[in-house]
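As structure tokens, the structure follows; a few thoughts come after it.
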Amino acid sequence: MYNSSANYADEFQAELRDDILRFWTGRMTDPSGGFYSRMDGEGHLCPDDPKGAILNARILWTFSSAYRVTGDPSYLEAAKNAKDYIEAHFVDREFGGIYWSLTPSGEPLDTKKQYYAIAFAVYGMAEYYRACGDGAALETAKELYRSIEEHSYDAVDGGYLEASTRDWQPIGDMRLSEKDQNDAKTMNTHLHILEAYTGLYRVWKDETLGLRLKELIEIFLDRMTASSGHLLLFFDEKWNLHGEMVSYGHDIEASWLLCEAAEVLGDEALLERTRKVCVRIAEAAMEGFSRTGGMIYEYDPAKGHRDADRHWWVQAETVVGCRNMYQLTGDLKWLEAEVAAWTFIKDNIICPDGEWYWSRREDGTANTTDDRAGFWKCPYHNGRMCLEMIERLADE
């Protein structure tokens, strides 16, 4: 299936170093500080586009983690560049939290507080502290975590609201992106708050943080996992479900992030329950997978619409999710699916001159319409896939 764990791990090390991180340090680093905002799908740099909080926070996490795993000092330098830029420009010194976007010169542009973005800043700052012990970064992570708890946490019905104005007032349009529904609570935001809280709890064993992490896991197990195993995506404040869209990428991503969260929390009973549910979630996700065609994007049963584009991030999460299931169950079908997913990435998703295509279209053509790098196209999913596989294979 693959020659040896060492040789197989070498593939992920080379991909991380040569195709992903070298692209971001060599082609996306802004000499004036931080990173450029966008490169289009044809490879043209777009430095005059707004700078996004998600991109910069994900860059911070990726390079911090890469330094922690590899020890390469150039990655710590890149992580520090991202951290310094976030602290100098994205952090709102008056009201707290971080801005959604900045002008190309680093001035506040869209000042709304999207808790998804704040969570990624927590995730990045916590990983930076984990990588190099910078206490100031940990304090920033704690401050941002507290802003989520103070302004997003629903003390009555549980869970987290999507967004606020700059000064934490209710906001009419809470959508994360134009394609999302305008709902008060979403699976996607909860998943990435869970991810951030897992990262923060790993380095800061705060009692309240641990309780919130436990509550988040239980929300996924009790409210967000359908009887089919698929995750439910959109809710109002009272947890009334709005639609039954299936997101295969989020299913497979959640199947390993929930396991990780329960492992870091250390509650053995909850961990056992979580693992059982995660197997169901992963099994459901694989409805969208084929050995030769990768994992498709999503399915809307109400409309009978199937989006069969193979998005870059979905393929990356499929590799990690399958590895996690193989480690959890020992079933070789997961190892076979993992290798098939990685082979699909190598043959179809990696760009010849660095980074990954946004997607491979249903007709088999590479998607060069959407960004190579940008507001949503970051080195986080593919970089994290490589880092997870390097660490998991090293443990075998």
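Note on naming: chains are A, B, ... as they come in the structure tokens, residues start from 1 per chain, ligands start from 1 in the order shown.
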Give me, as a PyMOL selection string, all polymer residues having an atom no more than 9 Å from stretch 157-163 of chain A, counting only C-alpha atoms and skipping those fewer than 2 positions away in the same chain. chain A and resi 112-116+148-149+151-155+165+168-171+173-176+183-186+189-190+193+215-216+219+237-239
Residue list (strand (DSSP E), DSSP) for stretch 130-283 of chain A, as a PyMOL selection string: chain A and resi 163-164+185-186+234-235+246-247
Can you check which residues of stretch 18-239 of chain A DSSP gives as helix (DSSP H, G or I) on the backbone and send them as a PyMOL selection string? chain A and resi 18-27+53-70+73-90+115-132+135-151+187-203+207-224
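Shell of stretch 277-290 of chain A at 7 Å, with only C-alpha atoms counted and residues fewer than 5 places along the chain excluded, is Leu221, Ser228, Gly229, His230, Tyr248, Asp251, Ile252, Ser255, Met295, Ile296 and Met325 of chain A.
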Would you mind exporting the chosen residues as an mmCIF file, in the first residue's frame, restricted to all heavy atoms?
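So out35.cif came out as:
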```cif
data_model
loop_
_atom_site.group_PDB
_atom_site.id
_atom_site.type_symbol
_atom_site.label_atom_id
_atom_site.label_comp_id
_atom_site.auth_asym_id
_atom_site.auth_seq_id
_atom_site.Cartn_x
_atom_site.Cartn_y
_atom_site.Cartn_z
ATOM 1 N N LEU A 221 -22.274 16.072 19.686
ATOM 2 C CA LEU A 221 -22.806 14.724 19.848
ATOM 3 C C LEU A 221 -24.328 14.721 19.951
ATOM 4 O O LEU A 221 -24.994 13.837 19.399
ATOM 5 C CB LEU A 221 -22.206 14.072 21.098
ATOM 6 C CG LEU A 221 -20.675 13.980 21.178
ATOM 7 C CD1 LEU A 221 -20.264 13.190 22.409
ATOM 8 C CD2 LEU A 221 -20.072 13.386 19.925
ATOM 9 N N SER A 228 -28.340 10.026 10.535
ATOM 10 C CA SER A 228 -27.600 9.521 9.381
ATOM 11 C C SER A 228 -26.094 9.519 9.608
ATOM 12 O O SER A 228 -25.334 8.897 8.858
ATOM 13 C CB SER A 228 -27.906 10.390 8.156
ATOM 14 O OG SER A 228 -27.429 11.718 8.374
ATOM 15 N N GLY A 229 -25.639 10.262 10.629
ATOM 16 C CA GLY A 229 -24.214 10.448 10.865
ATOM 17 C C GLY A 229 -23.694 11.756 10.309
ATOM 18 O O GLY A 229 -22.618 12.224 10.715
ATOM 19 N N HIS A 230 -24.424 12.372 9.383
ATOM 20 C CA HIS A 230 -24.003 13.660 8.843
ATOM 21 C C HIS A 230 -24.209 14.763 9.876
ATOM 22 O O HIS A 230 -25.098 14.685 10.737
ATOM 23 C CB HIS A 230 -24.802 14.001 7.584
ATOM 24 C CG HIS A 230 -24.495 13.122 6.427
ATOM 25 N ND1 HIS A 230 -23.245 13.055 5.857
ATOM 26 C CD2 HIS A 230 -25.283 12.252 5.724
ATOM 27 C CE1 HIS A 230 -23.271 12.188 4.855
ATOM 28 N NE2 HIS A 230 -24.480 11.687 4.762
ATOM 29 N N TYR A 248 -19.665 17.197 3.086
ATOM 30 C CA TYR A 248 -18.814 16.029 3.292
ATOM 31 C C TYR A 248 -17.472 16.406 3.912
ATOM 32 O O TYR A 248 -16.939 15.676 4.748
ATOM 33 C CB TYR A 248 -18.600 15.304 1.960
ATOM 34 C CG TYR A 248 -19.871 14.757 1.362
ATOM 35 C CD1 TYR A 248 -20.425 15.333 0.217
ATOM 36 C CD2 TYR A 248 -20.524 13.681 1.940
ATOM 37 C CE1 TYR A 248 -21.600 14.842 -0.337
ATOM 38 C CE2 TYR A 248 -21.705 13.175 1.393
ATOM 39 C CZ TYR A 248 -22.237 13.771 0.252
ATOM 40 O OH TYR A 248 -23.407 13.286 -0.280
ATOM 41 N N ASP A 251 -17.927 16.991 7.580
ATOM 42 C CA ASP A 251 -18.131 15.706 8.254
ATOM 43 C C ASP A 251 -16.790 15.047 8.571
ATOM 44 O O ASP A 251 -16.522 14.671 9.716
ATOM 45 C CB ASP A 251 -18.952 14.761 7.365
ATOM 46 C CG ASP A 251 -20.436 15.107 7.303
ATOM 47 O OD1 ASP A 251 -20.898 15.929 8.110
ATOM 48 O OD2 ASP A 251 -21.123 14.550 6.424
ATOM 49 N N ILE A 252 -15.953 14.898 7.553
ATOM 50 C CA ILE A 252 -14.697 14.172 7.768
ATOM 51 C C ILE A 252 -13.746 14.972 8.644
ATOM 52 O O ILE A 252 -12.991 14.407 9.447
ATOM 53 C CB ILE A 252 -14.049 13.762 6.426
ATOM 54 C CG1 ILE A 252 -13.004 12.664 6.628
ATOM 55 C CG2 ILE A 252 -13.469 14.945 5.695
ATOM 56 C CD1 ILE A 252 -13.556 11.330 7.093
ATOM 57 N N SER A 255 -14.821 14.602 12.245
ATOM 58 C CA SER A 255 -14.632 13.246 12.773
ATOM 59 C C SER A 255 -13.288 13.094 13.475
ATOM 60 O O SER A 255 -13.152 12.249 14.361
ATOM 61 C CB SER A 255 -14.772 12.209 11.651
ATOM 62 O OG SER A 255 -13.644 12.198 10.800
ATOM 63 N N MET A 295 -13.017 13.314 -2.713
ATOM 64 C CA MET A 295 -14.227 13.616 -1.946
ATOM 65 C C MET A 295 -14.934 14.824 -2.561
ATOM 66 O O MET A 295 -14.323 15.886 -2.733
ATOM 67 C CB MET A 295 -13.860 13.926 -0.490
ATOM 68 C CG MET A 295 -15.054 14.228 0.409
ATOM 69 S SD MET A 295 -15.936 12.756 0.972
ATOM 70 C CE MET A 295 -14.904 12.280 2.367
ATOM 71 N N ILE A 296 -16.201 14.672 -2.897
ATOM 72 C CA ILE A 296 -16.958 15.792 -3.450
ATOM 73 C C ILE A 296 -17.329 16.773 -2.336
ATOM 74 O O ILE A 296 -17.149 16.486 -1.154
ATOM 75 C CB ILE A 296 -18.207 15.325 -4.207
ATOM 76 C CG1 ILE A 296 -19.248 14.701 -3.257
ATOM 77 C CG2 ILE A 296 -17.831 14.362 -5.319
ATOM 78 C CD1 ILE A 296 -20.592 14.438 -3.909
ATOM 79 N N MET A 325 -9.317 7.438 11.567
ATOM 80 C CA MET A 325 -10.202 6.278 11.665
ATOM 81 C C MET A 325 -9.413 4.972 11.621
ATOM 82 O O MET A 325 -9.739 4.010 12.321
ATOM 83 C CB MET A 325 -11.233 6.311 10.532
ATOM 84 C CG MET A 325 -12.363 7.290 10.742
ATOM 85 S SD MET A 325 -13.371 6.913 12.206
ATOM 86 C CE MET A 325 -13.048 8.364 13.211
#
```
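Of the residues under consideration (A:Ala9, A:Val122, A:Ala53, A:Ala78), A:Ala53 shows the shortest atom-to-atom contact distance to A:Pro108 when counting only C-alpha atoms.
As for atom CA of A:Asp180 and atom CA of A:His250, they are spaced 13.9 Å apart.
We find atom CA of A:Tyr128 and atom CA of A:Glu388 to be spaced 16.6 Å apart.
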Tell me, as a VMD selection string, which residues lie within 7 Å of A:Trp334, counting only C-alpha atoms; anything in the same chain fewer than 6 positions away does not count. chain A and resid 322 to 323 325 to 326
Using all heavy atoms, can you export the residues from the last selection as a PDB file, in the first residue's frame?
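Written output follows (selection-v4.pdb):
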```
ATOM      1  N   CYS A 322      -9.275   9.888   7.472  1.00  0.00           N
ATOM      2  CA  CYS A 322      -9.112   8.446   7.234  1.00  0.00           C
ATOM      3  C   CYS A 322      -7.982   7.873   8.084  1.00  0.00           C
ATOM      4  O   CYS A 322      -8.091   6.765   8.620  1.00  0.00           O
ATOM      5  CB  CYS A 322      -8.863   8.186   5.757  1.00  0.00           C
ATOM      6  SG  CYS A 322     -10.322   8.419   4.716  1.00  0.00           S
ATOM      7  N   ARG A 323      -6.886   8.630   8.221  1.00  0.00           N
ATOM      8  CA  ARG A 323      -5.795   8.164   9.090  1.00  0.00           C
ATOM      9  C   ARG A 323      -6.279   8.022  10.523  1.00  0.00           C
ATOM     10  O   ARG A 323      -5.963   7.049  11.209  1.00  0.00           O
ATOM     11  CB  ARG A 323      -4.620   9.140   8.999  1.00  0.00           C
ATOM     12  CG  ARG A 323      -3.516   8.954  10.035  1.00  0.00           C
ATOM     13  CD  ARG A 323      -2.843   7.598  10.041  1.00  0.00           C
ATOM     14  NE  ARG A 323      -2.350   7.170   8.752  1.00  0.00           N
ATOM     15  CZ  ARG A 323      -1.491   6.169   8.582  1.00  0.00           C
ATOM     16  NH1 ARG A 323      -1.010   5.525   9.645  1.00  0.00           N
ATOM     17  NH2 ARG A 323      -1.113   5.800   7.374  1.00  0.00           N
ATOM     18  N   MET A 325      -9.317   7.438  11.567  1.00  0.00           N
ATOM     19  CA  MET A 325     -10.202   6.278  11.665  1.00  0.00           C
ATOM     20  C   MET A 325      -9.413   4.972  11.621  1.00  0.00           C
ATOM     21  O   MET A 325      -9.739   4.010  12.321  1.00  0.00           O
ATOM     22  CB  MET A 325     -11.233   6.311  10.532  1.00  0.00           C
ATOM     23  CG  MET A 325     -12.363   7.290  10.742  1.00  0.00           C
ATOM     24  SD  MET A 325     -13.371   6.913  12.206  1.00  0.00           S
ATOM     25  CE  MET A 325     -13.048   8.364  13.211  1.00  0.00           C
ATOM     26  N   TYR A 326      -8.360   4.926  10.809  1.00  0.00           N
ATOM     27  CA  TYR A 326      -7.517   3.732  10.784  1.00  0.00           C
ATOM     28  C   TYR A 326      -6.853   3.514  12.131  1.00  0.00           C
ATOM     29  O   TYR A 326      -6.818   2.393  12.657  1.00  0.00           O
ATOM     30  CB  TYR A 326      -6.467   3.849   9.677  1.00  0.00           C
ATOM     31  CG  TYR A 326      -5.435   2.765   9.719  1.00  0.00           C
ATOM     32  CD1 TYR A 326      -5.781   1.434   9.514  1.00  0.00           C
ATOM     33  CD2 TYR A 326      -4.099   3.064   9.992  1.00  0.00           C
ATOM     34  CE1 TYR A 326      -4.821   0.428   9.565  1.00  0.00           C
ATOM     35  CE2 TYR A 326      -3.140   2.073  10.046  1.00  0.00           C
ATOM     36  CZ  TYR A 326      -3.501   0.756   9.832  1.00  0.00           C
ATOM     37  OH  TYR A 326      -2.557  -0.241   9.900  1.00  0.00           O
TER      38      TYR A 326
END
```
Could you list, with a cut-off of 6 Å and counting only C-alpha atoms, the residues of stretch 297-334 of chain A near stretch 351-360 of chain A, each shown with its nearest atom pair and the distance in Å rounded to one decimal, rows sorted by chain and ascending number, as a Markdown table?
```
| residue | atom | partner | partner_atom | distance |
| --- | --- | --- | --- | --- |
| A:Asp309 | CA | A:Arg360 | CA | 5.9 |
| A:Arg310 | CA | A:Arg360 | CA | 5.1 |
| A:His311 | CA | A:Ser359 | CA | 4.1 |
| A:Trp312 | CA | A:Ser359 | CA | 5.3 |
```
For A:Gly34, find every residue with an atom within 12 Å (counting only C-alpha atoms), except residues of its own chain fewer than 2 positions away, and show them as an mmCIF file with N, CA and C atoms, in the first residue's frame.
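Output contents, as saved in out_11.cif:
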```
data_model
loop_
_atom_site.group_PDB
_atom_site.id
_atom_site.type_symbol
_atom_site.label_atom_id
_atom_site.label_comp_id
_atom_site.auth_asym_id
_atom_site.auth_seq_id
_atom_site.Cartn_x
_atom_site.Cartn_y
_atom_site.Cartn_z
ATOM 1 N N TRP A 24 4.423 30.267 0.428
ATOM 2 C CA TRP A 24 3.953 31.379 1.263
ATOM 3 C C TRP A 24 5.093 32.287 1.705
ATOM 4 N N THR A 25 6.250 31.727 1.994
ATOM 5 C CA THR A 25 7.370 32.585 2.372
ATOM 6 C C THR A 25 7.985 33.266 1.159
ATOM 7 N N MET A 28 4.322 35.105 -1.051
ATOM 8 C CA MET A 28 3.207 35.799 -0.402
ATOM 9 C C MET A 28 3.628 36.688 0.763
ATOM 10 N N THR A 29 4.892 36.711 1.117
ATOM 11 C CA THR A 29 5.359 37.569 2.206
ATOM 12 C C THR A 29 5.414 39.014 1.734
ATOM 13 N N ASP A 30 4.772 39.890 2.476
ATOM 14 C CA ASP A 30 4.724 41.321 2.154
ATOM 15 C C ASP A 30 5.934 42.008 2.805
ATOM 16 N N PRO A 31 6.821 42.629 2.025
ATOM 17 C CA PRO A 31 7.998 43.282 2.615
ATOM 18 C C PRO A 31 7.648 44.375 3.624
ATOM 19 N N SER A 32 6.443 44.937 3.534
ATOM 20 C CA SER A 32 6.034 45.982 4.470
ATOM 21 C C SER A 32 5.472 45.413 5.770
ATOM 22 N N TYR A 36 0.842 39.158 1.778
ATOM 23 C CA TYR A 36 -0.053 39.694 0.770
ATOM 24 C C TYR A 36 -1.438 39.083 0.911
ATOM 25 N N SER A 37 -2.413 39.796 0.388
ATOM 26 C CA SER A 37 -3.805 39.407 0.614
ATOM 27 C C SER A 37 -4.311 38.332 -0.342
ATOM 28 N N PRO A 47 -1.982 42.462 -4.692
ATOM 29 C CA PRO A 47 -1.628 43.077 -3.411
ATOM 30 C C PRO A 47 -2.558 44.183 -2.957
ATOM 31 N N LYS A 51 -6.996 42.706 3.298
ATOM 32 C CA LYS A 51 -6.349 41.638 4.055
ATOM 33 C C LYS A 51 -7.346 41.053 5.046
ATOM 34 N N GLY A 52 -7.450 39.726 5.066
ATOM 35 C CA GLY A 52 -8.453 39.062 5.881
ATOM 36 C C GLY A 52 -7.905 38.477 7.166
ATOM 37 N N ALA A 53 -8.718 38.522 8.207
ATOM 38 C CA ALA A 53 -8.312 37.987 9.508
ATOM 39 C C ALA A 53 -8.090 36.484 9.450
ATOM 40 N N LEU A 55 -7.193 34.505 6.910
ATOM 41 C CA LEU A 55 -5.943 34.167 6.240
ATOM 42 C C LEU A 55 -4.755 34.361 7.170
ATOM 43 N N ASN A 56 -4.686 35.506 7.822
ATOM 44 C CA ASN A 56 -3.520 35.812 8.651
ATOM 45 C C ASN A 56 -3.448 34.934 9.897
ATOM 46 N N ALA A 57 -4.592 34.642 10.512
ATOM 47 C CA ALA A 57 -4.594 33.778 11.689
ATOM 48 C C ALA A 57 -4.211 32.345 11.317
ATOM 49 N N ILE A 59 -2.299 31.502 8.750
ATOM 50 C CA ILE A 59 -0.854 31.521 8.484
ATOM 51 C C ILE A 59 -0.082 31.425 9.799
ATOM 52 N N LEU A 60 -0.517 32.175 10.805
ATOM 53 C CA LEU A 60 0.125 32.122 12.114
ATOM 54 C C LEU A 60 0.108 30.707 12.658
ATOM 55 N N GLU A 77 10.308 32.437 12.122
ATOM 56 C CA GLU A 77 10.382 33.817 11.625
ATOM 57 C C GLU A 77 9.093 34.202 10.905
ATOM 58 N N ALA A 78 8.582 33.298 10.062
ATOM 59 C CA ALA A 78 7.333 33.563 9.353
ATOM 60 C C ALA A 78 6.165 33.656 10.326
ATOM 61 N N ALA A 79 6.133 32.774 11.326
ATOM 62 C CA ALA A 79 5.073 32.812 12.331
ATOM 63 C C ALA A 79 5.106 34.120 13.105
ATOM 64 N N LYS A 80 6.296 34.562 13.461
ATOM 65 C CA LYS A 80 6.424 35.837 14.188
ATOM 66 C C LYS A 80 5.948 37.003 13.331
ATOM 67 N N ASN A 81 6.249 36.958 12.047
ATOM 68 C CA ASN A 81 5.773 37.983 11.129
ATOM 69 C C ASN A 81 4.249 38.062 11.159
ATOM 70 N N ALA A 82 3.602 36.903 11.093
ATOM 71 C CA ALA A 82 2.134 36.867 11.140
ATOM 72 C C ALA A 82 1.615 37.343 12.495
ATOM 73 N N LYS A 83 2.232 36.865 13.569
ATOM 74 C CA LYS A 83 1.788 37.254 14.914
ATOM 75 C C LYS A 83 1.904 38.766 15.126
ATOM 76 N N ASP A 84 3.048 39.317 14.764
ATOM 77 C CA ASP A 84 3.268 40.748 14.954
ATOM 78 C C ASP A 84 2.268 41.574 14.143
ATOM 79 N N TYR A 85 1.982 41.120 12.931
ATOM 80 C CA TYR A 85 1.038 41.871 12.083
ATOM 81 C C TYR A 85 -0.370 41.818 12.657
ATOM 82 N N ILE A 86 -0.782 40.651 13.136
ATOM 83 C CA ILE A 86 -2.114 40.525 13.750
ATOM 84 C C ILE A 86 -2.225 41.439 14.959
ATOM 85 N N GLU A 87 -1.225 41.416 15.823
ATOM 86 C CA GLU A 87 -1.280 42.229 17.037
ATOM 87 C C GLU A 87 -1.248 43.722 16.726
ATOM 88 N N ALA A 88 -0.498 44.099 15.692
ATOM 89 C CA ALA A 88 -0.359 45.518 15.360
ATOM 90 C C ALA A 88 -1.552 46.065 14.589
ATOM 91 N N HIS A 89 -2.239 45.214 13.817
ATOM 92 C CA HIS A 89 -3.246 45.732 12.896
ATOM 93 C C HIS A 89 -4.639 45.123 13.065
ATOM 94 N N PHE A 90 -4.729 43.824 13.349
ATOM 95 C CA PHE A 90 -6.043 43.186 13.413
ATOM 96 C C PHE A 90 -6.695 43.303 14.789
ATOM 97 N N LEU A 102 -8.863 44.298 6.701
ATOM 98 C CA LEU A 102 -8.097 45.533 6.706
ATOM 99 C C LEU A 102 -7.905 46.004 5.268
ATOM 100 N N PRO A 104 -5.301 47.272 2.270
ATOM 101 C CA PRO A 104 -3.962 46.750 1.956
ATOM 102 C C PRO A 104 -2.854 47.377 2.797
ATOM 103 N N SER A 105 -3.082 48.618 3.262
ATOM 104 C CA SER A 105 -2.062 49.278 4.081
ATOM 105 C C SER A 105 -2.200 48.968 5.565
ATOM 106 N N GLY A 106 -3.203 48.161 5.944
ATOM 107 C CA GLY A 106 -3.311 47.704 7.324
ATOM 108 C C GLY A 106 -4.254 48.498 8.205
#
```
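In this comparison, which uses only C-alpha atoms, the residue of A:Ser101, A:Ser247, A:Thr329, A:Thr292 approaching A:Arg306 most closely is A:Ser247.
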